[in-house]
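What follows is the content of upload-v2.csv, which has CSV, C-alpha atoms:
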chain,number,residue,atom,x,y,z
A,1,MET,CA,-6.8,24.8,37.1
A,2,LYS,CA,-7.5,22.2,39.8
A,3,GLN,CA,-11.2,22.7,39.2
A,4,ASN,CA,-10.8,22.1,35.4
A,5,ARG,CA,-8.9,19.0,36.0
A,6,ALA,CA,-11.5,17.8,38.5
A,7,ASN,CA,-14.2,18.5,35.9
A,8,ARG,CA,-12.4,16.6,33.2
A,9,ALA,CA,-11.8,13.6,35.5
A,10,ALA,CA,-15.5,13.6,36.3
A,11,GLY,CA,-16.6,13.3,32.6
A,12,LYS,CA,-17.8,9.9,31.4
A,13,PRO,CA,-16.3,9.0,28.0
A,14,ARG,CA,-18.4,6.8,25.8
A,15,GLN,CA,-17.4,5.0,22.6
A,16,LEU,CA,-19.2,6.3,19.6
A,17,ALA,CA,-21.7,3.9,18.0
A,18,GLY,CA,-20.5,2.4,14.7
A,19,VAL,CA,-16.8,2.3,15.4
A,20,GLU,CA,-15.5,-1.1,14.5
A,21,THR,CA,-12.7,-2.6,16.6
A,22,MET,CA,-10.1,-5.1,15.6
A,23,ALA,CA,-8.0,-6.6,18.4
A,24,LEU,CA,-4.5,-7.4,17.3
A,25,PRO,CA,-1.6,-8.8,19.5
A,26,ASP,CA,-1.0,-6.0,22.1
A,27,GLU,CA,-2.7,-3.4,19.9
A,28,MET,CA,-6.0,-2.5,18.5
A,29,VAL,CA,-7.2,-1.0,15.2
A,30,LEU,CA,-10.4,1.2,15.2
A,31,TYR,CA,-12.3,1.9,12.0
A,32,MET,CA,-15.0,4.5,11.7
A,33,PRO,CA,-17.1,4.2,8.6
A,34,GLY,CA,-18.3,7.5,7.0
A,35,PRO,CA,-15.2,9.6,7.6
A,36,GLU,CA,-13.2,6.4,6.8
A,37,LEU,CA,-11.0,6.9,9.8
A,38,VAL,CA,-8.6,4.1,10.8
A,39,VAL,CA,-6.5,4.5,14.0
A,40,SER,CA,-4.1,2.2,15.7
A,41,LEU,CA,-4.0,2.1,19.5
A,42,ASN,CA,-1.2,0.8,21.5
A,43,HIS,CA,-1.8,-1.5,24.5
A,44,SER,CA,-2.4,1.3,27.0
A,45,ALA,CA,-4.7,3.3,24.7
A,46,ALA,CA,-6.6,0.2,23.8
A,47,ALA,CA,-7.2,-0.5,27.5
A,48,VAL,CA,-8.5,3.1,28.0
A,49,TRP,CA,-10.8,2.7,24.9
A,50,GLU,CA,-12.3,-0.5,26.3
A,51,LEU,CA,-13.3,1.2,29.5
A,52,CYS,CA,-15.0,4.1,27.7
A,53,ASP,CA,-18.5,2.7,28.4
A,54,GLY,CA,-20.3,6.0,29.2
A,55,GLN,CA,-20.8,4.7,32.8
A,56,THR,CA,-17.3,5.2,34.2
A,57,ASN,CA,-15.7,8.6,34.6
A,58,VAL,CA,-12.1,9.3,33.7
A,59,ALA,CA,-11.0,9.0,37.3
A,60,GLY,CA,-12.8,5.7,37.5
A,61,ILE,CA,-11.0,4.5,34.3
A,62,SER,CA,-7.7,5.5,35.9
A,63,ARG,CA,-8.6,3.5,39.1
A,64,GLU,CA,-9.5,0.4,37.1
A,65,LEU,CA,-6.4,0.5,35.0
A,66,GLY,CA,-4.3,1.2,38.1
A,67,GLN,CA,-5.7,-2.0,39.8
A,68,THR,CA,-4.7,-4.0,36.7
A,69,LEU,CA,-1.2,-2.5,36.6
A,70,GLY,CA,-0.6,-2.3,40.3
A,71,ARG,CA,-0.4,1.5,40.3
A,72,SER,CA,-2.5,4.1,41.8
A,73,GLY,CA,-5.3,5.7,39.8
A,74,GLN,CA,-4.0,9.1,40.7
A,75,GLU,CA,-0.6,8.2,39.2
A,76,LEU,CA,-2.3,7.3,35.8
A,77,LEU,CA,-4.8,10.1,35.7
A,78,ALA,CA,-2.9,12.5,33.5
A,79,GLU,CA,-2.1,9.7,31.0
A,80,VAL,CA,-5.7,8.5,30.9
A,81,GLU,CA,-6.9,12.1,30.5
A,82,ALA,CA,-4.6,12.6,27.5
A,83,ALA,CA,-5.7,9.3,25.9
A,84,VAL,CA,-9.3,10.1,26.3
A,85,GLY,CA,-8.7,13.6,25.0
A,86,GLN,CA,-7.1,12.2,21.9
A,87,LEU,CA,-10.0,9.7,21.4
A,88,VAL,CA,-12.4,12.6,21.7
A,89,GLU,CA,-10.4,14.8,19.2
A,90,LEU,CA,-10.5,11.9,16.7
A,91,GLY,CA,-14.2,11.7,17.0
A,92,LEU,CA,-14.1,8.1,18.4
A,93,VAL,CA,-15.4,8.9,21.9
A,94,GLU,CA,-17.9,11.4,23.3
A,95,MET,CA,-18.2,12.8,26.8
A,96,VAL,CA,-21.6,12.2,28.5
B,1,MET,CA,-2.9,0.5,-37.3
B,2,GLY,CA,-0.9,-1.1,-34.5
B,3,LEU,CA,-2.6,-2.8,-31.6
B,4,LEU,CA,-1.2,-4.1,-28.4
B,5,HIS,CA,-3.2,-5.9,-25.7
B,6,ILE,CA,-2.2,-5.4,-22.1
B,7,THR,CA,-3.7,-8.4,-20.2
B,8,PHE,CA,-4.5,-9.2,-16.7
B,9,GLY,CA,-6.5,-12.5,-16.2
B,10,GLN,CA,-9.5,-12.4,-18.4
B,11,HIS,CA,-9.3,-8.6,-19.0
B,12,ARG,CA,-7.3,-6.6,-21.4
B,13,VAL,CA,-6.6,-3.0,-22.3
B,14,THR,CA,-6.1,-2.4,-26.0
B,15,VAL,CA,-3.6,0.3,-27.0
B,16,GLN,CA,-4.1,1.5,-30.5
B,17,SER,CA,-1.4,3.7,-32.3
B,18,GLU,CA,0.3,4.2,-35.6
B,19,SER,CA,3.4,5.4,-33.9
B,20,PRO,CA,6.2,2.9,-33.6
B,21,GLU,CA,7.6,4.9,-30.7
B,22,VAL,CA,4.4,4.6,-28.7
B,23,LEU,CA,4.1,0.8,-29.4
B,24,ALA,CA,7.8,0.3,-28.4
B,25,GLY,CA,7.2,2.3,-25.2
B,26,VAL,CA,4.2,0.1,-24.3
B,27,GLU,CA,6.2,-3.0,-25.1
B,28,ARG,CA,9.0,-1.8,-22.8
B,29,ARG,CA,6.7,-1.2,-19.8
B,30,PHE,CA,4.3,-4.1,-20.3
B,31,GLY,CA,6.4,-6.6,-22.2
B,32,GLN,CA,5.4,-9.5,-19.9
B,33,MET,CA,1.7,-8.6,-19.9
B,34,LEU,CA,1.0,-8.5,-23.6
B,35,ASN,CA,-1.0,-11.2,-25.4
B,36,SER,CA,-2.9,-11.7,-28.6
B,37,GLY,CA,-6.0,-10.0,-27.6
B,38,SER,CA,-8.3,-12.6,-26.1
B,39,GLY,CA,-10.6,-11.9,-23.2
B,40,ARG,CA,-12.8,-9.0,-22.2
B,41,GLU,CA,-11.8,-5.5,-23.1
B,42,ALA,CA,-11.5,-3.2,-20.1
B,43,GLY,CA,-10.9,-0.2,-22.2
B,44,ARG,CA,-9.1,1.1,-25.3
B,45,LEU,CA,-6.5,3.8,-25.4
B,46,GLU,CA,-5.6,5.5,-28.5
B,47,VAL,CA,-2.4,7.5,-29.1
B,48,TRP,CA,-1.6,9.5,-32.3
B,49,PRO,CA,1.1,12.0,-33.2
B,50,GLU,CA,0.1,15.7,-33.6
B,51,GLY,CA,3.1,17.7,-34.9
B,52,GLN,CA,5.9,17.5,-32.3
B,53,LEU,CA,3.4,16.2,-29.7
B,54,TYR,CA,1.3,13.1,-29.1
B,55,ALA,CA,-2.4,12.9,-28.1
B,56,LEU,CA,-3.9,10.3,-25.8
B,57,ALA,CA,-7.6,9.5,-25.6
B,58,GLY,CA,-9.2,6.9,-23.4
B,59,PRO,CA,-12.4,6.1,-21.5
B,60,ARG,CA,-11.2,7.5,-18.2
B,61,GLN,CA,-10.3,10.9,-19.7
B,62,PRO,CA,-13.1,13.4,-20.6
B,63,LYS,CA,-10.6,15.3,-22.8
B,64,THR,CA,-7.8,14.3,-25.1
B,65,GLU,CA,-4.5,14.7,-23.4
B,66,ARG,CA,-1.6,16.2,-25.3
B,67,GLY,CA,2.1,16.2,-24.5
B,68,GLU,CA,5.6,15.1,-25.3
B,69,LEU,CA,6.2,11.3,-25.7
B,70,PRO,CA,7.6,10.5,-22.3
B,71,ALA,CA,4.7,12.3,-20.5
B,72,ILE,CA,2.1,10.6,-22.8
B,73,LEU,CA,3.7,7.2,-22.2
B,74,ARG,CA,3.6,7.7,-18.4
B,75,SER,CA,-0.1,8.8,-18.6
B,76,LEU,CA,-0.9,5.9,-20.9
B,77,GLU,CA,0.7,3.5,-18.4
B,78,TYR,CA,-1.3,4.9,-15.6
B,79,GLN,CA,-4.6,4.8,-17.6
B,80,ALA,CA,-4.0,1.2,-18.6
B,81,VAL,CA,-3.3,0.1,-15.0
B,82,MET,CA,-6.4,2.0,-13.7
B,83,LEU,CA,-8.6,0.4,-16.4
B,84,LEU,CA,-7.5,-3.0,-15.2
B,85,VAL,CA,-8.0,-2.0,-11.5
B,86,GLU,CA,-11.5,-0.8,-12.3
B,87,ALA,CA,-12.2,-4.0,-14.3
B,88,ARG,CA,-11.6,-6.1,-11.1
B,89,PRO,CA,-13.0,-4.1,-8.2
B,90,ASP,CA,-13.4,-7.4,-6.3
B,91,LEU,CA,-9.6,-7.5,-5.8
B,92,LEU,CA,-7.6,-5.4,-3.3
B,93,TRP,CA,-5.1,-3.5,-5.3
B,94,LEU,CA,-2.0,-2.5,-3.3
B,95,HIS,CA,0.7,0.0,-4.2
B,96,ALA,CA,3.5,-2.5,-3.9
B,97,ALA,CA,6.3,-4.3,-5.6
B,98,ALA,CA,6.7,-8.0,-5.0
B,99,ALA,CA,8.8,-11.0,-5.7
B,100,ALA,CA,8.3,-14.7,-4.7
B,101,ASN,CA,10.3,-17.6,-3.6
B,102,ALA,CA,9.0,-21.2,-3.2
B,103,GLY,CA,7.1,-20.1,0.0
B,104,GLY,CA,5.2,-17.2,-1.5
B,105,GLY,CA,5.4,-13.5,-2.2
B,106,VAL,CA,7.1,-10.8,-0.2
B,107,LEU,CA,5.4,-7.4,-0.6
B,108,PHE,CA,7.4,-4.2,-0.6
B,109,LEU,CA,4.8,-1.5,0.3
B,110,GLY,CA,5.2,2.2,0.3
B,111,PRO,CA,4.9,5.5,-1.5
B,112,TRP,CA,7.1,6.7,-4.3
B,113,GLY,CA,10.9,6.8,-3.7
B,114,HIS,CA,11.0,4.3,-0.8
B,115,GLY,CA,12.8,1.6,-2.9
B,116,LYS,CA,10.0,-0.9,-3.7
B,117,SER,CA,11.0,-1.5,-7.3
B,118,THR,CA,14.7,-1.7,-6.6
B,119,LEU,CA,14.3,-4.3,-3.9
B,120,ALA,CA,11.9,-6.5,-5.9
B,121,ALA,CA,14.3,-6.2,-8.8
B,122,CYS,CA,17.3,-7.2,-6.6
B,123,LEU,CA,15.4,-10.3,-5.4
B,124,TYR,CA,14.6,-11.1,-9.0
B,125,ALA,CA,18.3,-10.8,-9.9
B,126,GLN,CA,19.0,-13.3,-7.1
B,127,GLY,CA,16.6,-15.9,-8.7
B,128,TRP,CA,13.3,-15.0,-7.1
B,129,ALA,CA,10.3,-14.9,-9.4
B,130,PHE,CA,9.1,-11.4,-10.3
B,131,LEU,CA,5.5,-10.6,-9.3
B,132,ALA,CA,5.0,-6.9,-9.5
B,133,ASP,CA,6.8,-3.6,-9.9
B,134,ASP,CA,4.3,-0.9,-8.7
B,135,ILE,CA,0.9,-2.3,-8.1
B,136,ILE,CA,-0.3,-5.8,-7.2
B,137,PRO,CA,-3.8,-7.3,-6.8
B,138,LEU,CA,-4.6,-9.4,-3.8
B,139,GLU,CA,-7.5,-11.8,-3.9
B,140,PRO,CA,-9.1,-11.7,-0.4
B,141,ARG,CA,-11.1,-14.9,-0.7
B,142,LEU,CA,-8.2,-17.0,-1.8
B,143,ASP,CA,-5.5,-15.1,0.2
B,144,ARG,CA,-3.5,-14.9,-3.0
B,145,LEU,CA,-1.4,-12.3,-4.8
B,146,PHE,CA,-1.9,-12.2,-8.6
B,147,PRO,CA,1.1,-11.4,-10.8
B,148,PHE,CA,1.1,-8.0,-12.4
B,149,PRO,CA,4.6,-7.9,-13.9
B,150,GLN,CA,5.1,-4.5,-15.3
B,151,THR,CA,8.7,-3.9,-16.2
B,152,PRO,CA,10.7,-2.5,-13.3
B,153,GLY,CA,11.8,1.1,-13.8
B,154,LEU,CA,14.9,1.6,-11.7
B,155,ARG,CA,16.9,4.7,-10.8
B,156,ARG,CA,20.6,4.0,-10.7
B,157,GLY,CA,22.4,5.7,-7.8
B,158,GLY,CA,24.9,5.0,-5.1
B,159,PRO,CA,24.1,4.5,-1.5
B,160,THR,CA,25.0,8.1,-0.6
B,161,ILE,CA,22.5,9.8,-2.9
B,162,SER,CA,19.8,11.6,-1.0
B,163,ARG,CA,16.1,11.0,-1.9
B,164,GLN,CA,15.8,14.6,-3.1
B,165,ILE,CA,18.5,14.0,-5.7
B,166,LEU,CA,17.3,10.4,-6.4
B,167,ARG,CA,13.9,11.7,-7.5
B,168,HIS,CA,15.6,13.7,-10.4
B,169,LEU,CA,17.5,10.7,-11.8
B,170,PRO,CA,15.8,9.2,-14.8
B,171,LYS,CA,14.3,5.7,-14.5
B,172,ALA,CA,15.7,3.0,-16.7
B,173,ASP,CA,13.6,0.0,-17.6
B,174,ALA,CA,15.1,-3.4,-16.5
B,175,PRO,CA,13.5,-5.9,-18.9
B,176,LEU,CA,12.3,-9.2,-17.4
B,177,ARG,CA,13.0,-12.6,-18.7
B,178,PRO,CA,9.8,-14.6,-19.4
B,179,GLU,CA,11.0,-17.5,-17.3
B,180,GLY,CA,11.8,-15.2,-14.4
B,181,VAL,CA,8.2,-14.0,-14.1
B,182,CYS,CA,5.8,-15.6,-11.7
B,183,ARG,CA,2.7,-16.7,-13.6
B,184,GLN,CA,0.8,-18.3,-10.7
B,185,ALA,CA,-1.1,-16.7,-7.8
B,186,ALA,CA,1.1,-16.8,-4.7
B,187,PRO,CA,0.3,-16.6,-1.0
B,188,VAL,CA,1.6,-13.7,1.0
B,189,ARG,CA,4.7,-14.6,3.0
B,190,ALA,CA,5.8,-11.2,4.4
B,191,LEU,CA,5.0,-7.5,4.4
B,192,ILE,CA,7.9,-5.1,4.2
B,193,PHE,CA,7.8,-1.4,4.4
B,194,PRO,CA,11.1,-0.1,2.9
B,195,ARG,CA,12.6,3.3,3.3
B,196,TYR,CA,15.6,4.4,1.4
B,197,GLN,CA,17.9,6.6,3.4
B,198,ALA,CA,21.3,7.8,2.2
B,199,ASP,CA,24.2,6.2,4.1
B,200,ALA,CA,21.9,4.1,6.3
B,201,PRO,CA,23.0,0.5,7.0
B,202,ALA,CA,20.5,-2.2,5.9
B,203,ARG,CA,18.2,-2.9,8.9
B,204,LEU,CA,15.1,-5.1,9.2
B,205,GLU,CA,13.0,-4.3,12.2
B,206,PRO,CA,9.7,-5.8,13.2
B,207,CYS,CA,6.6,-3.8,12.4
B,208,SER,CA,3.6,-4.3,14.7
B,209,PRO,CA,0.4,-5.8,13.2
B,210,ALA,CA,-1.5,-2.5,13.8
B,211,LYS,CA,1.1,-0.4,12.1
B,212,ALA,CA,1.3,-2.9,9.3
B,213,THR,CA,-2.5,-2.7,9.0
B,214,LEU,CA,-2.3,1.1,8.6
B,215,GLY,CA,0.5,0.7,6.2
B,216,LEU,CA,-1.4,-1.7,4.0
B,217,LEU,CA,-4.5,0.5,4.1
B,218,GLN,CA,-2.5,3.6,3.1
B,219,GLN,CA,-1.3,1.7,0.0
B,220,CYS,CA,-4.6,0.2,-0.9
B,221,VAL,CA,-5.4,1.8,-4.3
B,222,ASN,CA,-9.1,0.9,-4.3
B,223,PHE,CA,-9.9,1.2,-0.7
B,224,ALA,CA,-13.2,3.0,-1.6
B,225,ALA,CA,-14.5,-0.1,-3.2
B,226,HIS,CA,-14.0,-2.2,0.0
B,227,ARG,CA,-13.9,0.2,3.0
B,228,GLY,CA,-14.7,-1.8,6.2
B,229,ALA,CA,-14.1,-5.1,4.4
B,230,ALA,CA,-10.6,-3.9,3.5
B,231,VAL,CA,-9.8,-2.9,7.1
B,232,ARG,CA,-10.9,-6.3,8.4
B,233,TYR,CA,-9.2,-8.3,5.7
B,234,LEU,CA,-5.9,-6.4,5.8
B,235,GLY,CA,-5.9,-6.4,9.6
B,236,ARG,CA,-6.2,-10.1,9.6
B,237,LEU,CA,-3.5,-10.4,7.0
B,238,ALA,CA,-1.2,-8.1,9.1
B,239,ALA,CA,-1.8,-10.2,12.2
B,240,GLN,CA,-1.0,-13.5,10.4
B,241,GLN,CA,2.1,-12.5,8.3
B,242,PRO,CA,5.4,-11.2,9.5
B,243,ALA,CA,5.8,-7.5,8.9
B,244,PHE,CA,9.0,-5.4,8.9
B,245,HIS,CA,10.4,-1.9,8.4
B,246,LEU,CA,13.4,-2.1,6.1
B,247,THR,CA,15.8,0.9,6.2
B,248,PHE,CA,18.6,0.8,3.6
B,249,SER,CA,20.9,2.7,1.3
B,250,ASP,CA,22.4,-0.3,-0.4
B,251,ALA,CA,19.7,-2.4,-2.1
B,252,GLN,CA,21.9,-5.4,-2.4
B,253,SER,CA,22.5,-5.6,1.3
B,254,ALA,CA,18.9,-5.0,2.0
B,255,ALA,CA,17.9,-7.8,-0.4
B,256,ALA,CA,20.4,-10.1,1.3
B,257,LEU,CA,18.7,-9.4,4.6
B,258,VAL,CA,15.3,-10.4,3.1
B,259,ILE,CA,16.8,-13.6,1.7
B,260,GLN,CA,18.5,-14.4,5.0
B,261,ALA,CA,15.1,-14.0,6.8
B,262,HIS,CA,13.9,-17.2,5.1
B,263,PHE,CA,10.3,-16.1,4.7
Could you render the structure as structure tokens?
Amino acid sequence: MKQNRANRAAGKPRQLAGVETMALPDEMVLYMPGPELVVSLNHSAAAVWELCDGQTNVAGISRELGQTLGRSGQELLAEVEAAVGQLVELGLVEMV
Amino acid sequence: MGLLHITFGQHRVTVQSESPEVLAGVERRFGQMLNSGSGREAGRLEVWPEGQLYALAGPRQPKTERGELPAILRSLEYQAVMLLVEARPDLLWLHAAAAANAGGGVLFLGPWGHGKSTLAACLYAQGWAFLADDIIPLEPRLDRLFPFPQTPGLRRGGPTISRQILRHLPKADAPLRPEGVCRQAAPVRALIFPRYQADAPARLEPCSPAKATLGLLQQCVNFAAHRGAAVRYLGRLAAQQPAFHLTFSDAQSAAALVIQAHF
């Protein structure tokens, strides 16, 4: 269990090419042509999305967000993992 | 042979029938959209009696449709609207009712049974200009709503009737006065996503721009003609205009809230 979580946290999420983003006050709308998928992200999910650069692993994203929010990366890890998981499920992000 | 011309801008749909019942039905539903037949024909719908039934033929239907008069009139209405939608693919057609005050149009967006028509009709009864009952075209380059004043069809029920029962109540046409219909394009002033709920007090709550964008896209009838352009345009619209969820059981109270909001 611990090992699985460590593996997930080590994965590097990357935004899929072709996804259009629209920044709105405190939120974001993502549009993926082809499947014609439109998704709204709240402020937290949008922050995670913006850090899905394929260079930073999930633990690193948690740390970066934690610095912004004045919390520890460990504290945010579960939420970030869940957000990344949802973005992967929706086909907006891939793990590299 | 009787002919009626349902008009939107430079386009018209011609309805051809010998049946006075059919022509009267078209006049009831499109009374404020009929003219003498000028402009480009977007399509022609023909209805004729066949024994106890009626038959409907049109360019969008590969086969002649047959049925009882109310069903044929509903289908004719749908076909006529879709012919006009297809004649103007440059517009964004939204599944919405709308009414306008001096500042512009308030859109009531949502699926069937959420109270769009009732709310627009209530505002109309309070002196607002009527814009649309069920579908409205939005011109994205001009940021304007074009009037599409089909006659409102209203279900009469009290504030305690559940949506399940409400759906079985027959709709009654509420004829429009010509002077009460908006004839000019109007800017969008507010986006409202109503929801009828038995026994609920009228409540207007802010809707975030992202949620409003999704709501607008869900009600965009011709999204396939615009795709990404629709997402970008409607996202911008949702960011610029106030958007609300409106829960209500009593339409008069809900309309009063909209009026008090001074959009």
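Using all atoms listed in the file, the chain B residues found within 7 Å of chain A amount to Pro209, Ala210, Lys211, Gly228 and Ala239 of chain B.
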> Hey, can you pull every residue with an atom no more than 6 Å from (12.4, 5.2, -8.4), using only C-alpha atoms, and send it as a ChimeraX atom specification?
Replying inline: /B:113,154-155
If I put a ball of radius 12 Å at (-5.3, 9.3, 24.0) in the file's coordinates, which residues poke into it when counting only C-alpha atoms, written as a PDB file with C-alpha atoms, keeping the file's coordinate frame?
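Listing of out_5.pdb after writing:
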ATOM      1  CA  PRO A  13     -16.300   9.000  28.000  1.00  0.00           C
ATOM      2  CA  VAL A  39      -6.500   4.500  14.000  1.00  0.00           C
ATOM      3  CA  SER A  40      -4.100   2.200  15.700  1.00  0.00           C
ATOM      4  CA  LEU A  41      -4.000   2.100  19.500  1.00  0.00           C
ATOM      5  CA  ASN A  42      -1.200   0.800  21.500  1.00  0.00           C
ATOM      6  CA  HIS A  43      -1.800  -1.500  24.500  1.00  0.00           C
ATOM      7  CA  SER A  44      -2.400   1.300  27.000  1.00  0.00           C
ATOM      8  CA  ALA A  45      -4.700   3.300  24.700  1.00  0.00           C
ATOM      9  CA  ALA A  46      -6.600   0.200  23.800  1.00  0.00           C
ATOM     10  CA  ALA A  47      -7.200  -0.500  27.500  1.00  0.00           C
ATOM     11  CA  VAL A  48      -8.500   3.100  28.000  1.00  0.00           C
ATOM     12  CA  TRP A  49     -10.800   2.700  24.900  1.00  0.00           C
ATOM     13  CA  CYS A  52     -15.000   4.100  27.700  1.00  0.00           C
ATOM     14  CA  VAL A  58     -12.100   9.300  33.700  1.00  0.00           C
ATOM     15  CA  LEU A  77      -4.800  10.100  35.700  1.00  0.00           C
ATOM     16  CA  ALA A  78      -2.900  12.500  33.500  1.00  0.00           C
ATOM     17  CA  GLU A  79      -2.100   9.700  31.000  1.00  0.00           C
ATOM     18  CA  VAL A  80      -5.700   8.500  30.900  1.00  0.00           C
ATOM     19  CA  GLU A  81      -6.900  12.100  30.500  1.00  0.00           C
ATOM     20  CA  ALA A  82      -4.600  12.600  27.500  1.00  0.00           C
ATOM     21  CA  ALA A  83      -5.700   9.300  25.900  1.00  0.00           C
ATOM     22  CA  VAL A  84      -9.300  10.100  26.300  1.00  0.00           C
ATOM     23  CA  GLY A  85      -8.700  13.600  25.000  1.00  0.00           C
ATOM     24  CA  GLN A  86      -7.100  12.200  21.900  1.00  0.00           C
ATOM     25  CA  LEU A  87     -10.000   9.700  21.400  1.00  0.00           C
ATOM     26  CA  VAL A  88     -12.400  12.600  21.700  1.00  0.00           C
ATOM     27  CA  GLU A  89     -10.400  14.800  19.200  1.00  0.00           C
ATOM     28  CA  LEU A  90     -10.500  11.900  16.700  1.00  0.00           C
ATOM     29  CA  GLY A  91     -14.200  11.700  17.000  1.00  0.00           C
ATOM     30  CA  LEU A  92     -14.100   8.100  18.400  1.00  0.00           C
ATOM     31  CA  VAL A  93     -15.400   8.900  21.900  1.00  0.00           C
TER      32      VAL A  93
END
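Note that the spacing between CA of Ala99 in chain B and CA of Leu234 in chain B amounts to 19.2 Å.
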>> When you look at Thr7 in chain B with a cut-off of 6 Å (counting all atoms listed in the file), what residues show up, excluding the ones that are within fewer than 2 positions of it in the same chain? I need them as a PyMOL selection string.
In response: chain B and resi 11-12+33-34
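With CA of Gln240 in chain B on one side and CA of Gly115 in chain B on the other, the separation reads 24.4 Å.
For the choices B:Gln241, B:Ser253, B:Thr151, B:Asn222, the atom-to-atom distance to Gln32 in chain B is smallest for B:Thr151 when using all atoms listed in the file.
Restricting the calculation to only C-alpha atoms, the smallest distance between Leu131 in chain B and any of B:Arg183, B:Arg189, B:Arg44, B:Arg236 is found for B:Arg183.
Computed from the coordinates, the CA of Glu65 in chain B to CA of Thr14 in chain B distance equals 17.4 Å.
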>> Need the shell around Leu73 in chain B: protein/DNA/RNA residues with any atom at most 10 Å away, counting all atoms listed in the file. Skip same-chain ones fewer than 2 positions apart. Format as a VMD selection string?
In response: chain B and resid 21 to 23 25 to 26 29 47 54 56 67 to 71 75 to 79
